[in-house]
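K.L.:
Below you'll find the structure I mean.
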Amino acid sequence: MELTLKNGHLDMPVPDGIDFREEIKKLKKEKNAVILAHYYTTDEVQEIADYTGDSLGLSQQAAKTDADIIVFAGVHFMAETAKVLSPKKKVLIPDLATSCSLADSINEQQLKDLKAKYPDHTVISYVNTTAEIKALTDIVVTSSNAVKIVSQLPEDEKIIFGPDKNLGNYVQKVTGRKKMVIWQGGCHVHSRFDANALKELKSKYPSAKVLAHPECPEEILQLADFVGATSYLLKMSTEQPDKEFIVATEPGIFYEMKKRNPRKTFIPVPSNDGHPLNMCVNMKRNSLKKIYLTLKYEFPQVDLPKELSEKAVVCINRMMAMS
Ligand code: 13P
Ligand code: SF4
């Protein structure tokens, strides 16, 4: 049977009344497959995943799993990173059209031009980048370990940091590094949290703690009690004794926050275009039906040329060693 994609995913008929959860469970066992899902996917996807996590946690999991097949429910660059880390495994992606505005904010030529302009700089790239960008990178970071990794470099190291300008500014501020050239890219989700709405929420819930992701603009970070990667915000929501948290990151994380802290209240920060839930539409493209179909037909797969993969893995391995 010839398999074709519609808008990036398989769209075949499925039997009436099919129980996707049960069918996925059976296929996983039959094929020795594992489902990795980012914290920003929908509740039902996180519910059936074998492992949920943030970018760093998912990369570590992809590197160490002994499954034959990885189904990656996240966005495209994450599945690509899993393939780079586990080149012998089959990496399936429920929807190829899961792009990321941050990864799309720099291309190969732009980074080549920047490297030519600043030839003696160490290139540090956020994991939210394509394999082509990683192949031109010295060290990859995630929001979990960016501060830790930059801090390990000599104080006068000249650095190109990209593509997220907010994370770059945050890392520069925390580490005090002076010689950083920061690419001006951004995540369309984290950059559109509304600072005025956040101030109003702080007045309405005066005892609430504010949790914010470093991909948010400075004006949001200044209002936060805790700044860090998604897994760090989850940790704070669990370890801090407070009962109310205002959260400035993608609201998919509420599923795990509420699961771990059923008696606590989590309040989302609206977007500056007036939306009460500031969501990543690409993460939400993952669905049970798409996961079922991708596992059943083992299609679409993420594949990379060997040479590209071998170049891209070097900077990811440096990150793993330094974090
Ligand atoms: P982390 O998963 O590192 O928190 O990054 C957030 C994000 O936007 C992932 O795409
Ligand atoms: Fe990309 Fe932002 Fe979506 Fe994360 S939340 S996948 S950085 S667009």
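Lettering and numbering for the structure tokens are positional, with chains as A, B, ... in the shown order, residues counted from 1 in each chain, and ligands counted from 1 in the shown order.
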What parts of segment 127-238 of chain A does DSSP call helix (DSSP H, G or I)? I'd like the answer as a PyMOL selection string.

P.N.:
chain A and resi 131-135+146-152+165-175+190-192+195-204+218-221+230-238

K.L.:
Go through the chains and note each residue within 6 Å of ligand 2, using only C-alpha atoms and all ligand atoms, then give the set as number ranges by chain.

P.N.:
A: 75, 100-102, 187-189, 280

K.L.:
Find the residues near Phe161 of chain A: any atom within 6 Å, counting only C-alpha atoms, skip ones fewer than 4 places away on the same chain, and give them as number ranges by chain.

P.N.:
A: 124-125, 182

K.L.:
The selected residues should be written to file as a PDB file, in the first residue's frame (atoms: N, CA and C atoms).

P.N.:
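out.pdb written:
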ATOM      1  N   ILE A 124      27.311  28.645  20.435  1.00  0.00           N
ATOM      2  CA  ILE A 124      26.426  27.913  21.350  1.00  0.00           C
ATOM      3  C   ILE A 124      25.002  28.042  20.809  1.00  0.00           C
ATOM      4  N   SER A 125      24.396  26.902  20.519  1.00  0.00           N
ATOM      5  CA  SER A 125      23.029  26.925  19.983  1.00  0.00           C
ATOM      6  C   SER A 125      22.077  26.218  20.926  1.00  0.00           C
ATOM      7  N   ILE A 182      24.349  37.844  20.337  1.00  0.00           N
ATOM      8  CA  ILE A 182      23.094  37.099  20.497  1.00  0.00           C
ATOM      9  C   ILE A 182      22.214  37.240  19.249  1.00  0.00           C
TER      10      ILE A 182
END

K.L.:
Which residues of chain A sit at most 6 Å from ligand 1, using only C-alpha atoms and all ligand atoms? Give each one's shortest atom pair and distance in Å (one decimal place), in chain and ascending residue order, as a Markdown table.

P.N.:
| residue | atom | partner | partner_atom_place_in_ligand_line | distance |
| --- | --- | --- | --- | --- |
| A:Asp54 | CA | ligand 1 | 2 (O) | 3.6 |
| A:Ser55 | CA | ligand 1 | 2 (O) | 3.8 |
| A:Thr142 | CA | ligand 1 | 3 (O) | 5.1 |
| A:Ser143 | CA | ligand 1 | 3 (O) | 4.5 |
| A:Ser144 | CA | ligand 1 | 3 (O) | 5.8 |
| A:Ala229 | CA | ligand 1 | 4 (O) | 3.9 |
| A:Thr230 | CA | ligand 1 | 4 (O) | 3.8 |

K.L.:
Filtering to N, CA, C and O atoms, could you give me those residues as a PDB file, in the first residue's frame?

P.N.:
ATOM      1  N   ASP A  54      10.940  17.692  29.485  1.00  0.00           N
ATOM      2  CA  ASP A  54      11.292  18.890  28.724  1.00  0.00           C
ATOM      3  C   ASP A  54      12.378  18.504  27.723  1.00  0.00           C
ATOM      4  O   ASP A  54      12.738  17.316  27.598  1.00  0.00           O
ATOM      5  N   SER A  55      12.918  19.484  27.028  1.00  0.00           N
ATOM      6  CA  SER A  55      13.838  19.167  25.931  1.00  0.00           C
ATOM      7  C   SER A  55      15.040  18.349  26.390  1.00  0.00           C
ATOM      8  O   SER A  55      15.431  17.389  25.726  1.00  0.00           O
ATOM      9  N   THR A 142      20.198  23.452  26.387  1.00  0.00           N
ATOM     10  CA  THR A 142      18.740  23.568  26.515  1.00  0.00           C
ATOM     11  C   THR A 142      18.513  24.650  27.569  1.00  0.00           C
ATOM     12  O   THR A 142      19.470  25.133  28.200  1.00  0.00           O
ATOM     13  N   SER A 143      17.248  24.985  27.803  1.00  0.00           N
ATOM     14  CA  SER A 143      17.008  26.021  28.807  1.00  0.00           C
ATOM     15  C   SER A 143      17.365  25.509  30.212  1.00  0.00           C
ATOM     16  O   SER A 143      17.593  26.286  31.121  1.00  0.00           O
ATOM     17  N   SER A 144      17.443  24.178  30.378  1.00  0.00           N
ATOM     18  CA  SER A 144      17.815  23.591  31.684  1.00  0.00           C
ATOM     19  C   SER A 144      19.281  23.819  32.017  1.00  0.00           C
ATOM     20  O   SER A 144      19.649  23.898  33.183  1.00  0.00           O
ATOM     21  N   ALA A 229      13.804  26.271  33.027  1.00  0.00           N
ATOM     22  CA  ALA A 229      13.222  25.374  32.027  1.00  0.00           C
ATOM     23  C   ALA A 229      11.929  24.769  32.566  1.00  0.00           C
ATOM     24  O   ALA A 229      11.649  24.816  33.772  1.00  0.00           O
ATOM     25  N   THR A 230      11.189  24.149  31.675  1.00  0.00           N
ATOM     26  CA  THR A 230       9.886  23.597  32.047  1.00  0.00           C
ATOM     27  C   THR A 230      10.004  22.615  33.220  1.00  0.00           C
ATOM     28  O   THR A 230       9.180  22.651  34.139  1.00  0.00           O
TER      29      THR A 230
END

K.L.:
Segment 238-310 of chain A near segment 133-140 of chain A within 12 Å: what's each residue's closest atom pair and its distance in Å to one decimal, counting only C-alpha atoms, ordered by chain then ascending residue number, as CSV?

P.N.:
residue,atom,partner,partner_atom,distance
A:Leu304,CA,A:Ala135,CA,12.0
A:Pro305,CA,A:Ala135,CA,11.8
A:Lys306,CA,A:Ala135,CA,11.7
A:Glu307,CA,A:Ala135,CA,9.5
A:Leu308,CA,A:Ala135,CA,6.6
A:Ser309,CA,A:Ala135,CA,7.8
A:Glu310,CA,A:Ala135,CA,8.2

K.L.:
Go ahead and save the residues from that selection, with N, CA, C and O atoms, as a PDB file, in the first residue's frame.

P.N.:
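File produced: again-v2.pdb:
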ATOM      1  N   LEU A 304      18.031  11.174   8.531  1.00  0.00           N
ATOM      2  CA  LEU A 304      19.016  12.223   8.272  1.00  0.00           C
ATOM      3  C   LEU A 304      20.197  11.639   7.526  1.00  0.00           C
ATOM      4  O   LEU A 304      20.578  10.481   7.786  1.00  0.00           O
ATOM      5  N   PRO A 305      20.817  12.399   6.618  1.00  0.00           N
ATOM      6  CA  PRO A 305      22.042  11.893   5.984  1.00  0.00           C
ATOM      7  C   PRO A 305      23.081  11.597   7.067  1.00  0.00           C
ATOM      8  O   PRO A 305      23.203  12.359   8.046  1.00  0.00           O
ATOM      9  N   LYS A 306      23.808  10.483   6.888  1.00  0.00           N
ATOM     10  CA  LYS A 306      24.779  10.026   7.882  1.00  0.00           C
ATOM     11  C   LYS A 306      25.784  11.133   8.242  1.00  0.00           C
ATOM     12  O   LYS A 306      26.069  11.373   9.423  1.00  0.00           O
ATOM     13  N   GLU A 307      26.277  11.797   7.209  1.00  0.00           N
ATOM     14  CA  GLU A 307      27.316  12.809   7.431  1.00  0.00           C
ATOM     15  C   GLU A 307      26.796  13.972   8.294  1.00  0.00           C
ATOM     16  O   GLU A 307      27.478  14.441   9.209  1.00  0.00           O
ATOM     17  N   LEU A 308      25.559  14.375   8.019  1.00  0.00           N
ATOM     18  CA  LEU A 308      24.949  15.469   8.786  1.00  0.00           C
ATOM     19  C   LEU A 308      24.755  15.035  10.244  1.00  0.00           C
ATOM     20  O   LEU A 308      25.067  15.758  11.190  1.00  0.00           O
ATOM     21  N   SER A 309      24.251  13.820  10.411  1.00  0.00           N
ATOM     22  CA  SER A 309      24.004  13.282  11.738  1.00  0.00           C
ATOM     23  C   SER A 309      25.311  13.196  12.548  1.00  0.00           C
ATOM     24  O   SER A 309      25.362  13.551  13.732  1.00  0.00           O
ATOM     25  N   GLU A 310      26.373  12.756  11.891  1.00  0.00           N
ATOM     26  CA  GLU A 310      27.667  12.614  12.585  1.00  0.00           C
ATOM     27  C   GLU A 310      28.244  13.969  13.005  1.00  0.00           C
ATOM     28  O   GLU A 310      28.917  14.081  14.018  1.00  0.00           O
TER      29      GLU A 310
END

K.L.:
Could you name the residues that touch Met320 of chain A at 12 Å or less, counting only C-alpha atoms, but leaving out those on the same chain fewer than 2 positions away, as a ChimeraX atom specification?

P.N.:
/A:56-57,59-61,63-64,85,127,139-142,144-146,148-149,313-318,322-323

K.L.:
Give me, as an mmCIF file with all heavy atoms, in the first residue's frame, all polymer residues having an atom no more than 8 Å from Gly53 of chain A, counting only C-alpha atoms and skipping those fewer than 3 positions away in the same chain.

P.N.:
data_model
loop_
_atom_site.group_PDB
_atom_site.id
_atom_site.type_symbol
_atom_site.label_atom_id
_atom_site.label_comp_id
_atom_site.auth_asym_id
_atom_site.auth_seq_id
_atom_site.Cartn_x
_atom_site.Cartn_y
_atom_site.Cartn_z
ATOM 1 N N LEU A 36 7.738 9.068 23.462
ATOM 2 C CA LEU A 36 8.280 10.198 24.226
ATOM 3 C C LEU A 36 7.423 11.418 23.905
ATOM 4 O O LEU A 36 7.176 11.716 22.733
ATOM 5 C CB LEU A 36 9.732 10.486 23.835
ATOM 6 C CG LEU A 36 10.728 9.323 23.850
ATOM 7 C CD1 LEU A 36 12.132 9.826 23.520
ATOM 8 C CD2 LEU A 36 10.728 8.632 25.203
ATOM 9 N N ALA A 37 6.974 12.136 24.932
ATOM 10 C CA ALA A 37 6.121 13.319 24.678
ATOM 11 C C ALA A 37 6.629 14.513 25.465
ATOM 12 O O ALA A 37 7.013 14.393 26.635
ATOM 13 C CB ALA A 37 4.677 13.013 25.053
ATOM 14 N N HIS A 38 6.617 15.671 24.812
ATOM 15 C CA HIS A 38 7.000 16.902 25.519
ATOM 16 C C HIS A 38 5.843 17.341 26.411
ATOM 17 O O HIS A 38 4.674 17.053 26.140
ATOM 18 C CB HIS A 38 7.365 18.002 24.511
ATOM 19 C CG HIS A 38 8.066 19.168 25.149
ATOM 20 N ND1 HIS A 38 7.371 20.198 25.768
ATOM 21 C CD2 HIS A 38 9.381 19.466 25.306
ATOM 22 C CE1 HIS A 38 8.258 21.077 26.253
ATOM 23 N NE2 HIS A 38 9.481 20.645 25.990
ATOM 24 N N TYR A 39 6.201 18.070 27.490
ATOM 25 C CA TYR A 39 5.203 18.572 28.436
ATOM 26 C C TYR A 39 4.187 19.527 27.802
ATOM 27 O O TYR A 39 3.214 19.892 28.440
ATOM 28 C CB TYR A 39 5.911 19.339 29.558
ATOM 29 C CG TYR A 39 6.607 18.485 30.597
ATOM 30 C CD1 TYR A 39 7.874 18.846 31.058
ATOM 31 C CD2 TYR A 39 6.004 17.365 31.147
ATOM 32 C CE1 TYR A 39 8.525 18.103 32.031
ATOM 33 C CE2 TYR A 39 6.648 16.614 32.118
ATOM 34 C CZ TYR A 39 7.905 16.988 32.559
ATOM 35 O OH TYR A 39 8.539 16.263 33.526
ATOM 36 N N LEU A 56 15.631 18.706 27.525
ATOM 37 C CA LEU A 56 16.810 17.985 27.997
ATOM 38 C C LEU A 56 16.441 16.555 28.393
ATOM 39 O O LEU A 56 17.087 15.592 27.972
ATOM 40 C CB LEU A 56 17.466 18.712 29.175
ATOM 41 C CG LEU A 56 18.698 18.011 29.750
ATOM 42 C CD1 LEU A 56 19.809 17.903 28.716
ATOM 43 C CD2 LEU A 56 19.225 18.725 30.991
ATOM 44 N N GLY A 57 15.390 16.424 29.184
ATOM 45 C CA GLY A 57 14.961 15.103 29.648
ATOM 46 C C GLY A 57 14.645 14.180 28.478
ATOM 47 O O GLY A 57 15.019 13.001 28.473
ATOM 48 N N LEU A 58 13.987 14.719 27.462
ATOM 49 C CA LEU A 58 13.615 13.896 26.308
ATOM 50 C C LEU A 58 14.851 13.489 25.501
ATOM 51 O O LEU A 58 14.928 12.358 25.020
ATOM 52 C CB LEU A 58 12.624 14.661 25.412
ATOM 53 C CG LEU A 58 11.222 14.860 26.022
ATOM 54 C CD1 LEU A 58 10.410 15.851 25.198
ATOM 55 C CD2 LEU A 58 10.465 13.545 26.140
ATOM 56 N N SER A 231 11.022 21.760 33.219
ATOM 57 C CA SER A 231 11.160 20.789 34.311
ATOM 58 C C SER A 231 11.489 21.486 35.639
ATOM 59 O O SER A 231 11.066 21.041 36.709
ATOM 60 C CB SER A 231 12.228 19.748 33.987
ATOM 61 O OG SER A 231 13.440 20.403 33.740
#

K.L.:
Which residues are close to Leu167 of chain A, i.e. within 9 Å by only C-alpha atoms, leaving aside same-chain residues fewer than 3 positions away? Reply as a ChimeraX atom specification.

P.N.:
/A:126,143,146,162-164,170-172,186,213-217

K.L.:
Which parts of segment 34-64 of chain A does DSSP call strand (DSSP E) when run on the backbone here, written out as a VMD selection string?

P.N.:
chain A and resid 34 to 38 51 to 53

K.L.:
Quick one: distance from atom CA of Pro251 of chain A to atom CA of Val269 of chain A in Å, one decimal?

P.N.:
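Atom-to-atom, atom CA of Pro251 of chain A and atom CA of Val269 of chain A are spaced 8.9 Å apart.
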
K.L.:
Give me the residues within 8 Å of Leu234 of chain A as a list in words, counting only C-alpha atoms and dropping any in the same chain fewer than 4 places off.

P.N.:
Thr230, Thr238, Ile253, Glu256 and Met257 of chain A
